[in-house]
>>> print(open('target20.tsv').read())   # TSV, C-alpha atoms
chain	number	residue	atom	x	y	z
A	1	MET	CA	107.06	94.25	40.27
A	2	ASN	CA	104.84	97.14	41.43
A	3	THR	CA	103.76	97.22	45.04
A	4	THR	CA	100.35	98.74	44.15
A	5	HIS	CA	97.82	98.55	41.32
A	6	LEU	CA	94.73	100.48	40.24
A	7	ALA	CA	91.41	98.99	41.39
A	8	ALA	CA	87.74	100.02	41.66
A	9	VAL	CA	86.79	99.48	45.28
A	10	ILE	CA	84.02	100.16	47.76
A	11	HIS	CA	84.61	101.11	51.39
A	12	ARG	CA	80.88	101.02	52.21
A	13	TYR	CA	77.68	99.79	50.59
A	14	GLY	CA	75.53	102.16	48.55
A	15	ASP	CA	74.85	103.76	45.17
A	16	ALA	CA	77.38	103.86	42.32
A	17	ASP	CA	79.11	106.90	43.84
A	18	VAL	CA	80.60	104.66	46.58
A	19	ILE	CA	82.92	103.13	43.94
A	20	SER	CA	86.33	104.78	43.97
A	21	LEU	CA	89.35	104.20	41.75
A	22	GLU	CA	92.45	104.00	43.86
A	23	GLN	CA	95.88	102.46	44.23
A	24	ARG	CA	95.61	99.28	46.28
A	25	PRO	CA	98.28	96.88	47.52
A	26	MET	CA	99.25	94.39	44.79
A	27	PRO	CA	97.38	91.07	45.28
A	28	GLN	CA	99.64	88.37	46.70
A	29	PRO	CA	99.06	84.95	45.12
A	30	GLY	CA	98.82	82.02	47.55
A	31	PRO	CA	100.41	78.63	46.82
A	32	ASP	CA	97.36	77.49	44.76
A	33	ASP	CA	96.89	80.84	42.99
A	34	VAL	CA	98.07	82.52	39.84
A	35	LEU	CA	98.48	86.28	39.54
A	36	VAL	CA	96.85	87.64	36.39
A	37	ARG	CA	97.30	90.99	34.67
A	38	ILE	CA	93.76	91.85	33.61
A	39	HIS	CA	93.08	93.05	30.08
A	40	ALA	CA	89.28	93.21	30.34
A	41	ALA	CA	86.54	92.52	32.88
A	42	SER	CA	82.78	92.60	32.66
A	43	VAL	CA	79.79	93.79	34.66
A	44	ASN	CA	77.13	91.42	35.99
A	45	PRO	CA	74.03	92.31	38.06
A	46	VAL	CA	75.59	90.55	41.06
A	47	ASP	CA	78.27	93.28	41.07
A	48	TRP	CA	75.85	96.10	41.88
A	49	LYS	CA	73.75	93.88	44.14
A	50	ILE	CA	76.91	93.35	46.22
A	51	ARG	CA	77.75	97.07	45.99
A	52	LYS	CA	74.27	97.98	47.32
A	53	GLY	CA	74.65	95.55	50.23
A	54	TYR	CA	71.84	93.21	49.09
A	55	LEU	CA	74.02	90.12	49.55
A	56	LYS	CA	75.98	91.12	52.65
A	57	ASP	CA	74.31	88.46	54.81
A	58	MET	CA	74.99	85.75	52.24
A	59	LEU	CA	78.54	86.66	51.21
A	60	PRO	CA	81.05	87.43	53.98
A	61	HIS	CA	82.97	90.24	52.27
A	62	GLN	CA	85.68	92.30	53.93
A	63	LEU	CA	85.62	96.01	53.05
A	64	PRO	CA	87.32	97.66	51.24
A	65	LEU	CA	86.33	95.29	48.41
A	66	THR	CA	87.35	95.27	44.76
A	67	LEU	CA	84.22	94.50	42.71
A	68	GLY	CA	83.88	92.46	39.49
A	69	TRP	CA	83.88	88.69	38.98
A	70	ASP	CA	84.67	88.08	35.30
A	71	PHE	CA	87.99	88.65	33.55
A	72	ALA	CA	90.37	87.78	30.75
A	73	GLY	CA	94.09	88.38	31.09
A	74	GLU	CA	97.60	87.04	31.22
A	75	ILE	CA	99.38	85.10	33.97
A	76	VAL	CA	102.31	87.07	35.44
A	77	ALA	CA	103.14	84.86	38.46
A	78	VAL	CA	102.40	81.28	39.52
A	79	GLY	CA	101.94	79.95	43.09
A	80	THR	CA	104.34	77.34	44.44
A	81	GLN	CA	101.79	74.50	44.28
A	82	VAL	CA	100.44	75.31	40.80
A	83	THR	CA	101.17	72.98	37.88
A	84	GLY	CA	100.08	73.16	34.26
A	85	TRP	CA	100.18	76.95	34.01
A	86	GLN	CA	103.00	79.31	33.24
A	87	ILE	CA	103.77	83.00	32.97
A	88	GLY	CA	102.37	84.43	29.74
A	89	ASP	CA	99.38	82.05	29.46
A	90	ALA	CA	96.18	83.82	28.34
A	91	VAL	CA	93.29	82.86	30.62
A	92	PHE	CA	89.73	83.75	31.55
A	93	ALA	CA	87.66	83.04	34.67
A	94	ARG	CA	84.80	83.70	37.01
A	95	PRO	CA	86.84	83.87	40.23
A	96	ASP	CA	85.71	83.22	43.81
A	97	ILE	CA	83.11	85.88	44.61
A	98	VAL	CA	84.19	86.12	48.26
A	99	ARG	CA	87.67	87.38	47.30
A	100	ASP	CA	88.64	90.71	45.72
A	101	GLY	CA	87.40	90.95	42.15
A	102	SER	CA	88.47	91.97	38.69
A	103	TYR	CA	87.77	95.70	38.28
A	104	ALA	CA	91.51	96.08	38.68
A	105	GLU	CA	94.85	95.82	36.94
A	106	TYR	CA	95.73	92.53	38.69
A	107	ILE	CA	93.92	89.66	40.41
A	108	ALA	CA	95.06	86.65	42.44
A	109	VAL	CA	92.87	83.69	41.54
A	110	ARG	CA	92.90	79.94	42.25
A	111	ALA	CA	94.40	77.95	39.40
A	112	SER	CA	91.37	75.62	39.59
A	113	GLU	CA	89.10	78.52	38.55
A	114	ILE	CA	90.84	79.54	35.32
A	115	ALA	CA	90.72	78.18	31.78
A	116	ARG	CA	92.64	79.00	28.61
A	117	LYS	CA	91.25	82.03	26.82
A	118	PRO	CA	89.53	80.87	23.60
A	119	ALA	CA	91.82	81.74	20.70
A	120	SER	CA	88.86	82.88	18.59
A	121	LEU	CA	87.80	85.56	21.11
A	122	ASN	CA	89.50	88.88	21.80
A	123	TRP	CA	90.14	90.02	25.38
A	124	GLN	CA	86.84	91.89	25.64
A	125	GLU	CA	84.79	88.99	24.27
A	126	ALA	CA	86.56	86.47	26.51
A	127	ALA	CA	85.95	88.63	29.60
A	128	ALA	CA	82.22	88.68	28.79
A	129	VAL	CA	81.85	84.89	28.91
A	130	PRO	CA	82.70	83.21	32.25
A	131	LEU	CA	80.04	84.19	34.78
A	132	VAL	CA	77.05	84.13	32.43
A	133	ALA	CA	78.10	81.03	30.47
A	134	LEU	CA	78.85	79.08	33.67
A	135	THR	CA	75.48	80.20	35.09
A	136	ALA	CA	73.66	78.87	32.01
A	137	TRP	CA	75.76	75.66	31.98
A	138	GLN	CA	75.26	74.86	35.66
A	139	SER	CA	71.53	75.74	35.54
A	140	LEU	CA	70.61	73.84	32.39
A	141	PHE	CA	73.07	70.94	32.39
A	142	GLU	CA	73.99	70.23	36.03
A	143	MET	CA	70.68	71.08	37.71
A	144	ALA	CA	67.85	70.79	35.19
A	145	GLN	CA	69.65	67.97	33.31
A	146	LEU	CA	68.31	69.31	30.00
A	147	GLN	CA	68.13	66.60	27.32
A	148	ALA	CA	68.04	66.62	23.52
A	149	GLY	CA	64.51	67.05	22.20
A	150	GLU	CA	63.15	68.64	25.37
A	151	ARG	CA	61.25	71.94	25.24
A	152	VAL	CA	62.84	74.66	27.34
A	153	LEU	CA	61.59	78.19	28.04
A	154	ILE	CA	64.42	80.68	28.66
A	155	HIS	CA	63.30	84.02	30.08
A	156	ALA	CA	65.04	87.23	28.95
A	157	GLY	CA	66.98	85.69	26.07
A	158	ALA	CA	68.64	88.98	25.10
A	159	GLY	CA	70.37	89.37	28.48
A	160	GLY	CA	73.87	88.15	29.31
A	161	VAL	CA	72.80	84.83	30.82
A	162	GLY	CA	69.95	84.39	28.32
A	163	ASN	CA	72.32	84.71	25.34
A	164	PHE	CA	74.38	81.75	26.50
A	165	ALA	CA	71.40	79.75	27.77
A	166	ILE	CA	69.86	79.81	24.27
A	167	GLN	CA	73.11	78.75	22.63
A	168	LEU	CA	73.97	76.01	25.14
A	169	ALA	CA	70.43	74.61	25.01
A	170	LYS	CA	70.80	74.40	21.21
A	171	VAL	CA	74.18	72.66	21.58
A	172	ARG	CA	72.38	70.12	23.80
A	173	GLY	CA	69.72	69.62	21.08
A	174	ALA	CA	66.74	71.12	22.91
A	175	HIS	CA	63.80	73.02	21.39
A	176	VAL	CA	64.29	76.58	22.66
A	177	ILE	CA	61.54	79.09	23.39
A	178	THR	CA	62.57	82.49	24.72
A	179	THR	CA	61.01	85.78	25.82
A	180	THR	CA	62.32	89.18	24.77
A	181	SER	CA	61.17	92.63	23.68
A	182	THR	CA	60.42	93.61	20.06
A	183	ALA	CA	63.85	95.21	19.59
A	184	ASN	CA	65.67	91.95	20.35
A	185	VAL	CA	63.55	89.38	18.47
A	186	GLU	CA	66.05	89.12	15.60
A	187	LEU	CA	68.99	88.88	18.01
A	188	VAL	CA	67.60	85.89	19.92
A	189	LYS	CA	66.61	84.17	16.66
A	190	SER	CA	70.19	84.62	15.43
A	191	LEU	CA	71.41	82.88	18.62
A	192	GLY	CA	69.26	79.85	17.80
A	193	ALA	CA	65.86	80.36	19.49
A	194	ASP	CA	63.23	78.18	17.79
A	195	GLU	CA	60.29	80.21	19.09
A	196	VAL	CA	60.33	83.80	20.30
A	197	ILE	CA	57.68	85.35	22.52
A	198	ASP	CA	57.69	89.15	22.31
A	199	TYR	CA	56.52	89.97	25.83
A	200	THR	CA	55.26	93.40	24.75
A	201	LYS	CA	52.66	91.66	22.55
A	202	GLN	CA	52.29	88.08	23.76
A	203	ASP	CA	51.80	86.25	27.05
A	204	PHE	CA	54.19	83.34	27.65
A	205	SER	CA	51.93	81.94	30.39
A	206	THR	CA	49.64	80.29	27.81
A	207	LEU	CA	52.44	77.79	27.04
A	208	ARG	CA	51.89	74.25	28.35
A	209	ASP	CA	53.74	70.95	28.80
A	210	LEU	CA	57.26	72.39	28.84
A	211	ASP	CA	60.04	70.19	30.18
A	212	VAL	CA	62.23	72.95	31.61
A	213	VAL	CA	61.90	76.63	32.49
A	214	PHE	CA	64.98	78.76	33.10
A	215	ASP	CA	63.88	81.74	35.19
A	216	THR	CA	66.26	84.70	35.22
A	217	LEU	CA	63.71	87.25	36.47
A	218	GLY	CA	61.82	85.94	39.52
A	219	GLY	CA	58.66	87.48	40.94
A	220	ASP	CA	55.46	87.22	38.93
A	221	ILE	CA	57.31	85.70	35.94
A	222	GLN	CA	58.49	82.83	38.12
A	223	LEU	CA	54.99	82.20	39.52
A	224	LYS	CA	53.37	82.20	36.07
A	225	SER	CA	56.09	79.87	34.75
A	226	LEU	CA	55.05	77.00	37.02
A	227	ALA	CA	51.81	76.40	35.08
A	228	THR	CA	53.70	76.17	31.77
A	229	LEU	CA	55.52	73.01	32.89
A	230	ARG	CA	54.36	69.44	32.53
A	231	ARG	CA	54.09	67.36	35.71
A	232	GLY	CA	57.61	66.07	36.29
A	233	GLY	CA	59.08	69.18	34.65
A	234	ARG	CA	61.91	71.26	36.15
A	235	ILE	CA	62.28	74.95	36.88
A	236	VAL	CA	65.71	76.39	37.58
A	237	THR	CA	66.00	79.97	38.77
A	238	ILE	CA	68.85	82.41	39.38
A	239	ALA	CA	66.53	85.11	40.78
A	240	SER	CA	65.04	83.81	44.04
A	241	PRO	CA	64.26	80.27	45.22
A	242	VAL	CA	60.93	78.80	44.11
A	243	ASP	CA	58.35	78.17	46.84
A	244	ALA	CA	58.69	74.40	47.46
A	245	ALA	CA	55.00	73.95	48.30
A	246	LEU	CA	53.94	75.70	45.08
A	247	ALA	CA	56.35	73.61	43.03
A	248	ALA	CA	54.94	70.44	44.64
A	249	GLN	CA	51.40	71.58	43.82
A	250	HIS	CA	52.37	71.80	40.15
A	251	GLY	CA	54.30	68.52	40.31
A	252	VAL	CA	57.58	70.16	39.25
A	253	THR	CA	61.12	70.05	40.65
A	254	PRO	CA	62.62	73.45	41.57
A	255	PHE	CA	66.32	74.33	41.53
A	256	PHE	CA	68.16	77.50	42.57
A	257	CYS	CA	71.53	78.23	40.97
A	258	PHE	CA	74.17	80.52	42.44
A	259	VAL	CA	77.01	80.07	39.99
A	260	GLN	CA	80.30	78.55	41.20
A	261	PRO	CA	83.77	78.95	39.69
A	262	ASN	CA	84.69	75.92	37.59
A	263	GLY	CA	87.82	75.79	35.43
A	264	PRO	CA	87.04	72.48	33.67
A	265	GLN	CA	83.50	73.60	32.69
A	266	LEU	CA	84.90	76.91	31.48
A	267	ALA	CA	87.45	75.02	29.37
A	268	GLU	CA	84.58	73.14	27.68
A	269	ILE	CA	82.76	76.43	27.10
A	270	GLY	CA	85.94	77.86	25.56
A	271	GLN	CA	86.18	74.87	23.20
A	272	LEU	CA	82.57	75.46	22.09
A	273	ALA	CA	83.43	79.11	21.38
A	274	ASP	CA	86.47	78.08	19.32
A	275	ALA	CA	84.31	75.55	17.43
A	276	GLY	CA	82.01	78.43	16.39
A	277	LYS	CA	79.10	77.19	18.54
A	278	LEU	CA	78.99	80.14	20.95
A	279	ARG	CA	78.78	83.77	20.00
A	280	VAL	CA	79.50	86.65	22.38
A	281	VAL	CA	77.15	89.63	22.25
A	282	ILE	CA	78.65	92.82	23.70
A	283	ASP	CA	76.25	95.57	24.75
A	284	SER	CA	78.85	98.26	25.46
A	285	VAL	CA	82.47	98.82	26.52
A	286	PHE	CA	83.55	101.24	29.25
A	287	PRO	CA	87.07	102.11	30.40
A	288	LEU	CA	87.80	101.28	34.05
A	289	SER	CA	87.63	105.03	34.80
A	290	GLU	CA	83.91	104.98	33.87
A	291	ILE	CA	82.93	102.04	36.06
A	292	ARG	CA	80.09	104.01	37.67
A	293	ALA	CA	78.49	104.58	34.26
A	294	ALA	CA	78.89	100.88	33.48
A	295	HIS	CA	76.98	100.04	36.67
A	296	ALA	CA	74.26	102.53	35.76
A	297	ARG	CA	73.90	100.80	32.38
A	298	SER	CA	73.60	97.38	34.03
A	299	GLU	CA	71.02	98.63	36.53
A	300	THR	CA	68.65	99.67	33.73
A	301	GLY	CA	68.08	95.95	33.05
A	302	ARG	CA	68.14	96.79	29.35
A	303	ALA	CA	71.64	95.65	28.38
A	304	ARG	CA	71.67	93.55	25.22
A	305	GLY	CA	74.40	91.00	25.93
A	306	LYS	CA	77.31	91.95	28.15
A	307	ILE	CA	78.79	95.20	29.47
A	308	VAL	CA	82.58	95.04	29.26
A	309	ILE	CA	85.26	96.97	31.17
A	310	GLN	CA	88.49	97.72	29.32
A	311	VAL	CA	91.23	97.59	31.96
A	312	SER	CA	94.61	97.72	30.22
>>> encode(input="target20.tsv", output="structure tokens")
Amino acid sequence: MNTTHLAAVIHRYGDADVISLEQRPMPQPGPDDVLVRIHAASVNPVDWKIRKGYLKDMLPHQLPLTLGWDFAGEIVAVGTQVTGWQIGDAVFARPDIVRDGSYAEYIAVRASEIARKPASLNWQEAAAVPLVALTAWQSLFEMAQLQAGERVLIHAGAGGVGNFAIQLAKVRGAHVITTTSTANVELVKSLGADEVIDYTKQDFSTLRDLDVVFDTLGGDIQLKSLATLRRGGRIVTIASPVDAALAAQHGVTPFFCFVQPNGPQLAEIGQLADAGKLRVVIDSVFPLSEIRAAHARSETGRARGKIVIQVS
């Protein structure tokens, strides 16, 4: 096997021009790891937040660092302690964010973090799923404990996380309200939203007695969301933690979700995709050589669905 592979790395924090494509030593799988040849990866906002150094106090990264924490690919080697996986298996994952990522030809990843690639999805579609779908799953199901019949407000339904939050909330049997711009009203309806608030024309903050709010934006949106909840309601955010005193004032329970790798949850998500219950919306596809442009696209905040990186 090769001793090096192509990867998009940063040697310092900064703008997109700090990303360089270079030959790096081939990842060495530990006893609990598999080595995967990556077919496709995807871009998430956390990627450029890490690149800019926003999370350096929270995540103890060693530089140089390979970015990217979503992938779909094929197992090429299996660690000595790994069972249940073999060379040639098609898998997808959101790997451990503290280790080197997936903007690369190969990645070493814990076997506990992978799941079988859904047969109904191609490599690009499969790579677009793990981080955002796990974020929606862990936020809505694990933390907010969303139940059938409850009313949930999902902010930014056209974004990567929002896409899956709408669909998973519908799988759970909830009544889904979402915010989006005029251009994406039909998209979010097609994903299952029961009510759509076009934020260019309407104000979501007049809503009342919601059971759950899923905040993907933070700031003013998060503050205004508190009043839309019934007493005893729940707000789960992936942007910034809710002020506990404010939440108590409104009589609501706040949660903050920083998504964790989870192979078994991802396997369930894959089964939903194969059952036709989850659709993948791809905004754009960039080759690995254009990773800087892919970051620029993500940083606009206007991506409709996921930005995918074609690796092999």
>>> closest_residue(input="target20.tsv", among="A:Thr182, A:Gln249, A:Thr216, A:Gln124", to="Ala156 in chain A", atoms="all atoms listed in the file")
A:Thr216
>>> closest_residue(input="target20.tsv", among="A:Ala296, A:Ala239, A:Leu63, A:Ala275", to="Asp220 in chain A", atoms="all atoms listed in the file")
A:Ala239
>>> residues_around(input="target20.tsv", residues="range 92-103 of chain A", least_positions_apart="2", cutoff="6 Å", atoms="all atoms listed in the file", output="list in words")
Ala7, Ala8, His61, Leu65, Thr66, Leu67, Gly68, Trp69, Asp70, Phe71, Ala72, Ile114, Ala115, Lys117, Pro130, Leu131 and Pro261 of chain A
>>> closest_residue(input="target20.tsv", among="A:Ile38, A:Ala111, A:Gly218, A:Lys52", to="Pro264 in chain A", atoms="all atoms listed in the file")
A:Ala111
>>> closest_residue(input="target20.tsv", among="A:Ile282, A:Cys257, A:Leu217, A:Ala247", to="Ala144 in chain A", atoms="only C-alpha atoms")
A:Cys257
>>> residues_around(input="target20.tsv", residues="range 223-228 of chain A", least_positions_apart="2", cutoff="12 Å", atoms="all atoms listed in the file", output="PyMOL selection string")
chain A and resi 151-155+177+179+203-221+230-237+239-254
>>> closest_residue(input="target20.tsv", among="A:His5, A:Lys49, A:Lys201, A:His39", to="Glu125 in chain A", atoms="all atoms listed in the file")
A:His39
>>> residues_near_point(input="target20.tsv", point="(86.2, 79.6, 27.5)", cutoff="8 Å", atoms="all atoms listed in the file", output="list in words")
Phe92, Ala115, Arg116, Lys117, Pro118, Ala126, Val129, Pro130, Leu266, Ala267, Glu268, Ile269, Gly270, Gln271, Leu272 and Ala273 of chain A
>>> closest_residue(input="target20.tsv", among="A:Thr300, A:Ser289, A:Thr200, A:Gln81", to="Ser112 in chain A", atoms="only C-alpha atoms")
A:Gln81
